[in-house]
Every structure is written in structure tokens, then in C-alpha cells.
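First the structure, in the form of C-alpha cells, and then the observations on it.
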Amino acid sequence: MKITGISGSPNVGGNNERIIEQALGIVEQKGYETDKILLSGLSVLPCTDCGTCRTAKECPIDDDMTDIYEKLETSDAFIISSPVFFGSLSAQLKALFDRTILLRRNGFLLKGKVGGAIAVGGSRNGGQEFTIQAIHSWMHIHGMLVVGDKAHFGGIAVKPVESDDVGLKTVRDTVNMICETLERLK
Ligand SMILES: Cc1cc2nc3c(=O)[nH]c(=O)nc-3n(C[C@H](O)[C@H](O)[C@H](O)COP(=O)(O)O)c2cc1C
């Protein structure tokens, strides 16, 4: 089974990417295959609502989504981390989310996959919970199985993440919930 980590940060080597590395390290130790999508190094343009994907499983925008569609379709679960930007998810991650309407319109191809969310802010209470709920909305609208951290909503961290012991525990707990859910589905 493959778990894919997605970082919605524009910063190479930033807090979100480091947290995704940690999360994937945990699941690799449990024996899962992993993959990652780091939006800092990819070009994903916004959906233009052209309607092409209503009638064909293709998007006329020529960018890195072609490879991302393949990674999404072949994953069993996702751990998605976004920086908090003005109280919500990054524009980079939102662009990816909107472009996945192609997968929804062509057979609900993400349905039944497992998803968990992480948000990293510059402030302790900077909007992480709302950001996680925005990621969960995307997951629900695809018919995915959404998990939190056992107690609350998911991974809630403040930068620098390596100093945030409480936040890192919520990340580990979320990752473990994803793995436990995958085991139940076997
Ligand atoms: C445009 C912008 C808006 C931001 N808004 C918030 C915010 O509303 N709340 C918050 O806690 N941090 C906010 N931040 C701080 C980022 O969340 C923080 O720098 C980011 O999570 C760091 O992750 P990275 O190192 O992976 O890029 C903002 C940063 C930028 C650039």
C-alpha cells in the first residue's frame, strides 16, 4: 500500500516539507511504500472551469498536474500538510485541489482513499484548525475516509516544527491513525 505525502508550501526545505519527511519516515518504518508531492518545486496552475474534463479525462492545462494525477490515482492514502496563509490553506495547495475535479468527474477516482491533514503556522493559534478543515473538505468532497489525530482534527504545528513537541505528537498520531485505518481496510 502506498501513502503519499503532499506539502503545500512554496518553500524548499521549509517546515511543511520537513514535517512530511518525518511523517513518511514513520510510515516507511511500518513497511508502507511512500511517495511525495512537494509543491515548492512544481508548477500547478489554477483550474479555469473550462469544462473539458466533463467529457474527457484530460485537462488542457500543460503543467505538472499530469504526473500528480498519476501519483494521486495510485495512492491508497494521503498525508497533506499546508502552511497557514491568512488563516487558511496555501494557494499552491488549493490549485492542486481544484484541478482534481478531473478525477471526481471521471469516476470518483479518489473515493475510499484515506486522508489526514497537517497545518503549520507562524503563530500557535494562527488558523491551523480552519486550514485542516479546508483540507478535510476536499477529502470529503472526493468521498475519502478522513481521519484526525485520535483526539482532535489532525497535525497542528507551529514553526520551527522541530521545537514544537506538542505539535509533532499530533502529527505522529495522525500518521498512526492513517496506518491503523489502512490496516482495518485490508
Ligand atoms: C502570506 C502569508 C500569510 C500567513 N498567514 C499566517 C496566518 O494567518 N497564521 C499563521 O499562523 N501563520 C501565517 N503565516 C506564516 C506561515 O504559516 C509559516 O511561515 C509557514 O507555515 C511556514 O511553513 P514553510 O516553512 O513550510 O513555508 C503566513 C505566511 C505568509 C507568507
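Each chain in the C-alpha cells gets a letter, A, B, ..., in the order shown, and its residues are numbered from 1; ligands are numbered from 1 in order too.
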**Within-9 Å residues of ligand 1, basis only C-alpha atoms and all ligand atoms, as a PyMOL selection string** = chain A and resi 7-19+40+81-90+119-128+157-161
Just-selected residues, N, CA, C and O atoms written as a short mmCIF file (atom, residue, chain, number, x, y, z; two decimals), in the first residue's frame:
data_model
loop_
_atom_site.label_atom_id
_atom_site.label_comp_id
_atom_site.auth_asym_id
_atom_site.auth_seq_id
_atom_site.Cartn_x
_atom_site.Cartn_y
_atom_site.Cartn_z
N SER A 7 3.12 18.35 0.35
CA SER A 7 3.41 19.61 1.03
C SER A 7 2.90 20.76 0.15
O SER A 7 3.26 20.86 -1.02
N GLY A 8 2.11 21.62 0.75
CA GLY A 8 1.55 22.77 0.03
C GLY A 8 2.37 24.04 0.21
O GLY A 8 1.90 25.13 -0.14
N SER A 9 3.59 23.90 0.71
CA SER A 9 4.41 25.10 0.94
C SER A 9 5.21 25.48 -0.29
O SER A 9 5.72 24.62 -1.01
N PRO A 10 5.40 26.79 -0.52
CA PRO A 10 6.27 27.21 -1.62
C PRO A 10 7.75 27.16 -1.25
O PRO A 10 8.60 27.41 -2.10
N ASN A 11 8.07 26.85 0.00
CA ASN A 11 9.47 26.90 0.46
C ASN A 11 10.16 25.55 0.40
O ASN A 11 9.77 24.61 1.11
N VAL A 12 11.21 25.48 -0.42
CA VAL A 12 12.03 24.26 -0.49
C VAL A 12 12.70 24.05 0.87
O VAL A 12 13.32 24.96 1.41
N GLY A 13 12.54 22.85 1.43
CA GLY A 13 13.16 22.55 2.73
C GLY A 13 12.51 23.25 3.89
O GLY A 13 13.07 23.29 4.99
N GLY A 14 11.32 23.79 3.69
CA GLY A 14 10.62 24.51 4.76
C GLY A 14 9.98 23.57 5.77
O GLY A 14 10.15 22.34 5.71
N ASN A 15 9.25 24.16 6.69
CA ASN A 15 8.66 23.40 7.80
C ASN A 15 7.72 22.31 7.32
O ASN A 15 7.72 21.20 7.84
N ASN A 16 6.91 22.63 6.30
CA ASN A 16 5.94 21.63 5.81
C ASN A 16 6.65 20.45 5.15
O ASN A 16 6.27 19.30 5.35
N GLU A 17 7.69 20.75 4.39
CA GLU A 17 8.42 19.65 3.73
C GLU A 17 9.14 18.79 4.77
O GLU A 17 9.18 17.56 4.66
N ARG A 18 9.67 19.44 5.82
CA ARG A 18 10.37 18.66 6.86
C ARG A 18 9.39 17.78 7.62
O ARG A 18 9.69 16.64 7.97
N ILE A 19 8.20 18.30 7.83
CA ILE A 19 7.21 17.51 8.56
C ILE A 19 6.71 16.35 7.70
O ILE A 19 6.45 15.25 8.20
N SER A 40 6.61 23.06 -3.77
CA SER A 40 7.64 24.11 -3.91
C SER A 40 8.38 23.99 -5.24
O SER A 40 8.83 25.00 -5.77
N SER A 81 0.08 18.39 4.17
CA SER A 81 0.49 19.46 5.06
C SER A 81 0.46 20.80 4.34
O SER A 81 1.03 20.94 3.25
N SER A 82 -0.19 21.77 4.95
CA SER A 82 -0.24 23.13 4.36
C SER A 82 0.28 24.15 5.36
O SER A 82 0.00 24.06 6.55
N PRO A 83 1.00 25.17 4.85
CA PRO A 83 1.24 26.33 5.70
C PRO A 83 -0.10 27.08 5.89
O PRO A 83 -0.97 27.00 5.02
N VAL A 84 -0.25 27.76 7.01
CA VAL A 84 -1.42 28.63 7.19
C VAL A 84 -1.11 29.97 6.54
O VAL A 84 -0.14 30.63 6.92
N PHE A 85 -1.88 30.32 5.54
CA PHE A 85 -1.73 31.63 4.90
C PHE A 85 -3.04 32.39 5.11
O PHE A 85 -4.10 32.00 4.60
N PHE A 86 -2.96 33.49 5.86
CA PHE A 86 -4.15 34.28 6.19
C PHE A 86 -5.30 33.39 6.68
O PHE A 86 -6.44 33.51 6.23
N GLY A 87 -4.95 32.48 7.58
CA GLY A 87 -5.97 31.68 8.25
C GLY A 87 -6.49 30.50 7.46
O GLY A 87 -7.43 29.83 7.90
N SER A 88 -5.88 30.21 6.30
CA SER A 88 -6.36 29.06 5.54
C SER A 88 -5.20 28.42 4.77
O SER A 88 -4.04 28.74 5.01
N LEU A 89 -5.56 27.50 3.85
CA LEU A 89 -4.51 26.76 3.13
C LEU A 89 -3.82 27.64 2.09
O LEU A 89 -4.34 28.69 1.70
N SER A 90 -2.65 27.17 1.62
CA SER A 90 -1.89 27.95 0.64
C SER A 90 -2.58 27.91 -0.74
O SER A 90 -3.30 26.96 -1.07
N ALA A 119 -1.43 21.21 9.52
CA ALA A 119 -1.26 22.63 9.20
C ALA A 119 -0.14 23.20 10.06
O ALA A 119 -0.05 22.90 11.26
N VAL A 120 0.71 24.01 9.43
CA VAL A 120 1.83 24.64 10.12
C VAL A 120 1.66 26.16 10.04
O VAL A 120 1.52 26.71 8.94
N GLY A 121 1.66 26.81 11.20
CA GLY A 121 1.53 28.26 11.23
C GLY A 121 2.74 28.94 11.85
O GLY A 121 3.57 28.28 12.50
N GLY A 122 2.80 30.23 11.66
CA GLY A 122 3.83 31.01 12.34
C GLY A 122 3.42 31.34 13.76
O GLY A 122 4.25 31.67 14.60
N SER A 123 2.13 31.24 14.04
CA SER A 123 1.59 31.51 15.38
C SER A 123 0.97 30.24 15.94
O SER A 123 0.54 29.36 15.18
N ARG A 124 0.89 30.16 17.24
CA ARG A 124 0.32 28.97 17.88
C ARG A 124 -1.16 28.80 17.50
O ARG A 124 -1.62 27.71 17.24
N ASN A 125 -1.88 29.91 17.50
CA ASN A 125 -3.31 29.85 17.17
C ASN A 125 -3.57 30.69 15.93
O ASN A 125 -4.36 31.63 15.95
N GLY A 126 -2.90 30.36 14.83
CA GLY A 126 -2.94 31.19 13.64
C GLY A 126 -3.94 30.77 12.58
O GLY A 126 -3.95 31.32 11.48
N GLY A 127 -4.75 29.76 12.89
CA GLY A 127 -5.72 29.30 11.89
C GLY A 127 -5.48 27.87 11.45
O GLY A 127 -6.03 27.42 10.42
N GLN A 128 -4.70 27.12 12.22
CA GLN A 128 -4.40 25.73 11.84
C GLN A 128 -5.67 24.87 11.76
O GLN A 128 -5.81 24.06 10.84
N ALA A 157 0.77 22.34 14.05
CA ALA A 157 2.14 22.68 14.41
C ALA A 157 2.42 24.16 14.22
O ALA A 157 1.76 24.85 13.44
N VAL A 158 3.44 24.61 14.97
CA VAL A 158 3.90 25.98 14.83
C VAL A 158 5.39 25.92 14.49
O VAL A 158 6.10 25.01 14.95
N LYS A 159 5.84 26.81 13.64
CA LYS A 159 7.24 26.78 13.23
C LYS A 159 8.14 27.43 14.28
O LYS A 159 7.66 28.34 14.98
N PRO A 160 9.39 27.00 14.41
CA PRO A 160 10.01 25.87 13.72
C PRO A 160 9.50 24.54 14.28
O PRO A 160 9.50 24.34 15.50
N VAL A 161 9.09 23.66 13.40
CA VAL A 161 8.37 22.46 13.83
C VAL A 161 9.20 21.55 14.72
O VAL A 161 8.66 20.84 15.57
#
**Request:** Output as a ChimeraX atom specification all residues of segment 55-167 of chain A that backbone DSSP marks as strand (DSSP E).
**Result:** /A:77-83,114-121,145-147,155-158
May I have the residues from that selection written out with all heavy atoms, as a tab-separated table (two decimals), in the first residue's frame?
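Saved the output as again-v7.tsv:
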chain	number	residue	atom	x	y	z
A	77	ALA	N	-3.45	6.29	0.39
A	77	ALA	CA	-3.71	7.26	1.46
A	77	ALA	C	-2.84	8.50	1.25
A	77	ALA	O	-1.82	8.44	0.56
A	77	ALA	CB	-3.40	6.63	2.82
A	78	PHE	N	-3.30	9.59	1.88
A	78	PHE	CA	-2.57	10.86	1.78
A	78	PHE	C	-2.37	11.47	3.15
A	78	PHE	O	-3.28	11.43	4.00
A	78	PHE	CB	-3.36	11.87	0.93
A	78	PHE	CG	-3.69	11.37	-0.44
A	78	PHE	CD1	-4.98	10.98	-0.75
A	78	PHE	CD2	-2.70	11.27	-1.41
A	78	PHE	CE1	-5.29	10.50	-2.01
A	78	PHE	CE2	-3.00	10.78	-2.67
A	78	PHE	CZ	-4.29	10.40	-2.98
A	79	ILE	N	-1.17	12.04	3.33
A	79	ILE	CA	-0.94	12.91	4.48
A	79	ILE	C	-0.57	14.27	3.88
A	79	ILE	O	0.42	14.40	3.16
A	79	ILE	CB	0.14	12.35	5.43
A	79	ILE	CG1	0.39	13.28	6.59
A	79	ILE	CG2	1.43	11.97	4.74
A	79	ILE	CD1	-0.58	13.18	7.69
A	80	ILE	N	-1.42	15.25	4.12
A	80	ILE	CA	-1.29	16.54	3.42
A	80	ILE	C	-1.00	17.64	4.42
A	80	ILE	O	-1.73	17.82	5.40
A	80	ILE	CB	-2.58	16.86	2.65
A	80	ILE	CG1	-2.88	15.74	1.65
A	80	ILE	CG2	-2.45	18.21	1.94
A	80	ILE	CD1	-4.10	15.99	0.77
A	81	SER	N	0.08	18.39	4.17
A	81	SER	CA	0.49	19.46	5.06
A	81	SER	C	0.46	20.80	4.34
A	81	SER	O	1.03	20.94	3.25
A	81	SER	CB	1.90	19.20	5.58
A	81	SER	OG	2.27	20.17	6.53
A	82	SER	N	-0.19	21.77	4.95
A	82	SER	CA	-0.24	23.13	4.36
A	82	SER	C	0.28	24.15	5.36
A	82	SER	O	0.00	24.06	6.55
A	82	SER	CB	-1.67	23.52	3.98
A	82	SER	OG	-1.69	24.84	3.44
A	83	PRO	N	1.00	25.17	4.85
A	83	PRO	CA	1.24	26.33	5.70
A	83	PRO	C	-0.10	27.08	5.89
A	83	PRO	O	-0.97	27.00	5.02
A	83	PRO	CB	2.23	27.18	4.90
A	83	PRO	CG	2.06	26.77	3.48
A	83	PRO	CD	1.55	25.34	3.50
A	114	VAL	N	-7.69	7.00	2.06
A	114	VAL	CA	-7.64	7.53	3.43
A	114	VAL	C	-6.86	8.84	3.43
A	114	VAL	O	-5.84	8.96	2.73
A	114	VAL	CB	-6.98	6.50	4.37
A	114	VAL	CG1	-6.82	7.06	5.78
A	114	VAL	CG2	-7.81	5.21	4.40
A	115	GLY	N	-7.33	9.82	4.21
A	115	GLY	CA	-6.63	11.10	4.25
A	115	GLY	C	-6.53	11.69	5.64
A	115	GLY	O	-7.46	11.59	6.45
A	116	GLY	N	-5.38	12.29	5.91
A	116	GLY	CA	-5.18	13.04	7.15
A	116	GLY	C	-4.47	14.35	6.82
A	116	GLY	O	-3.78	14.45	5.80
A	117	ALA	N	-4.67	15.36	7.67
A	117	ALA	CA	-4.16	16.70	7.37
A	117	ALA	C	-3.28	17.26	8.48
A	117	ALA	O	-3.45	16.94	9.66
A	117	ALA	CB	-5.34	17.64	7.11
A	118	ILE	N	-2.37	18.13	8.05
A	118	ILE	CA	-1.47	18.84	8.95
A	118	ILE	C	-1.47	20.31	8.53
A	118	ILE	O	-1.51	20.61	7.34
A	118	ILE	CB	-0.02	18.30	8.83
A	118	ILE	CG1	0.05	16.81	9.19
A	118	ILE	CG2	0.95	19.11	9.69
A	118	ILE	CD1	1.36	16.15	8.74
A	119	ALA	N	-1.43	21.21	9.52
A	119	ALA	CA	-1.26	22.63	9.20
A	119	ALA	C	-0.14	23.20	10.06
A	119	ALA	O	-0.05	22.90	11.26
A	119	ALA	CB	-2.56	23.39	9.45
A	120	VAL	N	0.71	24.01	9.43
A	120	VAL	CA	1.83	24.64	10.12
A	120	VAL	C	1.66	26.16	10.04
A	120	VAL	O	1.52	26.71	8.94
A	120	VAL	CB	3.19	24.27	9.48
A	120	VAL	CG1	4.33	24.90	10.27
A	120	VAL	CG2	3.36	22.76	9.39
A	121	GLY	N	1.66	26.81	11.20
A	121	GLY	CA	1.53	28.26	11.23
A	121	GLY	C	2.74	28.94	11.85
A	121	GLY	O	3.57	28.28	12.50
A	145	LEU	N	-11.91	8.75	3.10
A	145	LEU	CA	-12.09	8.42	4.52
A	145	LEU	C	-11.14	9.31	5.31
A	145	LEU	O	-9.92	9.17	5.21
A	145	LEU	CB	-11.78	6.95	4.77
A	145	LEU	CG	-12.59	5.97	3.91
A	145	LEU	CD1	-12.12	4.53	4.13
A	145	LEU	CD2	-14.07	6.09	4.23
A	146	VAL	N	-11.70	10.23	6.07
A	146	VAL	CA	-10.91	11.28	6.71
A	146	VAL	C	-10.63	10.92	8.16
A	146	VAL	O	-11.55	10.57	8.90
A	146	VAL	CB	-11.67	12.62	6.63
A	146	VAL	CG1	-10.87	13.73	7.29
A	146	VAL	CG2	-11.98	12.97	5.18
A	147	VAL	N	-9.35	11.03	8.55
A	147	VAL	CA	-9.01	10.75	9.94
A	147	VAL	C	-8.34	11.97	10.57
A	147	VAL	O	-7.74	12.81	9.89
A	147	VAL	CB	-8.06	9.53	10.08
A	147	VAL	CG1	-8.69	8.29	9.46
A	147	VAL	CG2	-6.69	9.80	9.48
A	155	GLY	N	-2.73	17.11	12.52
A	155	GLY	CA	-1.45	17.65	12.97
A	155	GLY	C	-1.49	19.16	13.02
A	155	GLY	O	-1.70	19.81	12.00
A	156	ILE	N	-1.27	19.70	14.20
A	156	ILE	CA	-1.33	21.16	14.36
A	156	ILE	C	0.02	21.62	14.89
A	156	ILE	O	0.39	21.32	16.03
A	156	ILE	CB	-2.47	21.55	15.32
A	156	ILE	CG1	-3.80	21.23	14.63
A	156	ILE	CG2	-2.35	23.02	15.72
A	156	ILE	CD1	-5.02	21.67	15.38
A	157	ALA	N	0.77	22.34	14.05
A	157	ALA	CA	2.14	22.68	14.41
A	157	ALA	C	2.42	24.16	14.22
A	157	ALA	O	1.76	24.85	13.44
A	157	ALA	CB	3.11	21.85	13.58
A	158	VAL	N	3.44	24.61	14.97
A	158	VAL	CA	3.90	25.98	14.83
A	158	VAL	C	5.39	25.92	14.49
A	158	VAL	O	6.10	25.01	14.95
A	158	VAL	CB	3.61	26.79	16.12
A	158	VAL	CG1	4.38	26.25	17.32
A	158	VAL	CG2	3.88	28.26	15.93
Each segment 6-104 of chain A residue no farther than 10 Å from segment 139-142 of chain A, nearest pair in Å, only C-alpha atoms, as JSON lines:
{"residue": "A:Phe78", "atom": "CA", "partner": "A:Met139", "partner_atom": "CA", "distance": 9.6}
{"residue": "A:Phe97", "atom": "CA", "partner": "A:Met139", "partner_atom": "CA", "distance": 9.2}
{"residue": "A:Thr100", "atom": "CA", "partner": "A:His142", "partner_atom": "CA", "distance": 9.0}
{"residue": "A:Ile101", "atom": "CA", "partner": "A:His142", "partner_atom": "CA", "distance": 8.6}
{"residue": "A:Leu103", "atom": "CA", "partner": "A:His142", "partner_atom": "CA", "distance": 8.7}
{"residue": "A:Arg104", "atom": "CA", "partner": "A:His142", "partner_atom": "CA", "distance": 6.4}
Written file, previous selection with N, CA and C atoms, as a PDB file, in the first residue's frame:
ATOM      1  N   PHE A  78      -3.298   9.589   1.884  1.00  0.00           N
ATOM      2  CA  PHE A  78      -2.571  10.861   1.779  1.00  0.00           C
ATOM      3  C   PHE A  78      -2.374  11.473   3.155  1.00  0.00           C
ATOM      4  N   PHE A  97      -5.858  21.112  -5.396  1.00  0.00           N
ATOM      5  CA  PHE A  97      -7.177  20.576  -5.035  1.00  0.00           C
ATOM      6  C   PHE A  97      -8.194  20.811  -6.158  1.00  0.00           C
ATOM      7  N   THR A 100      -8.116  18.635  -9.200  1.00  0.00           N
ATOM      8  CA  THR A 100      -8.504  17.224  -9.066  1.00  0.00           C
ATOM      9  C   THR A 100      -9.980  17.000  -9.374  1.00  0.00           C
ATOM     10  N   ILE A 101     -10.692  18.033  -9.760  1.00  0.00           N
ATOM     11  CA  ILE A 101     -12.091  17.821 -10.169  1.00  0.00           C
ATOM     12  C   ILE A 101     -12.144  16.859 -11.366  1.00  0.00           C
ATOM     13  N   LEU A 103     -10.524  14.117 -11.607  1.00  0.00           N
ATOM     14  CA  LEU A 103     -10.600  12.752 -11.066  1.00  0.00           C
ATOM     15  C   LEU A 103     -11.987  12.461 -10.505  1.00  0.00           C
ATOM     16  N   ARG A 104     -12.651  13.497 -10.008  1.00  0.00           N
ATOM     17  CA  ARG A 104     -14.013  13.332  -9.456  1.00  0.00           C
ATOM     18  C   ARG A 104     -15.019  13.139 -10.586  1.00  0.00           C
TER      19      ARG A 104
END
**Asked** With only C-alpha atoms as the basis for distance, which of A:Asn106, A:Arg54, A:Met144, A:Asp149 is at the shortest distance from Glu180 of chain A?
**Response** A:Asp149
**Request:** Would you return as a count of residues only the members of segment 6-171 of chain A that DSSP assigns to helix (DSSP H, G or I) on this structure's backbone?
**Result:** 69
**Interatomic distance, atom CA of Lys57 of chain A to atom CA of Leu72 of chain A (Å, one decimal)** = 14.4 Å
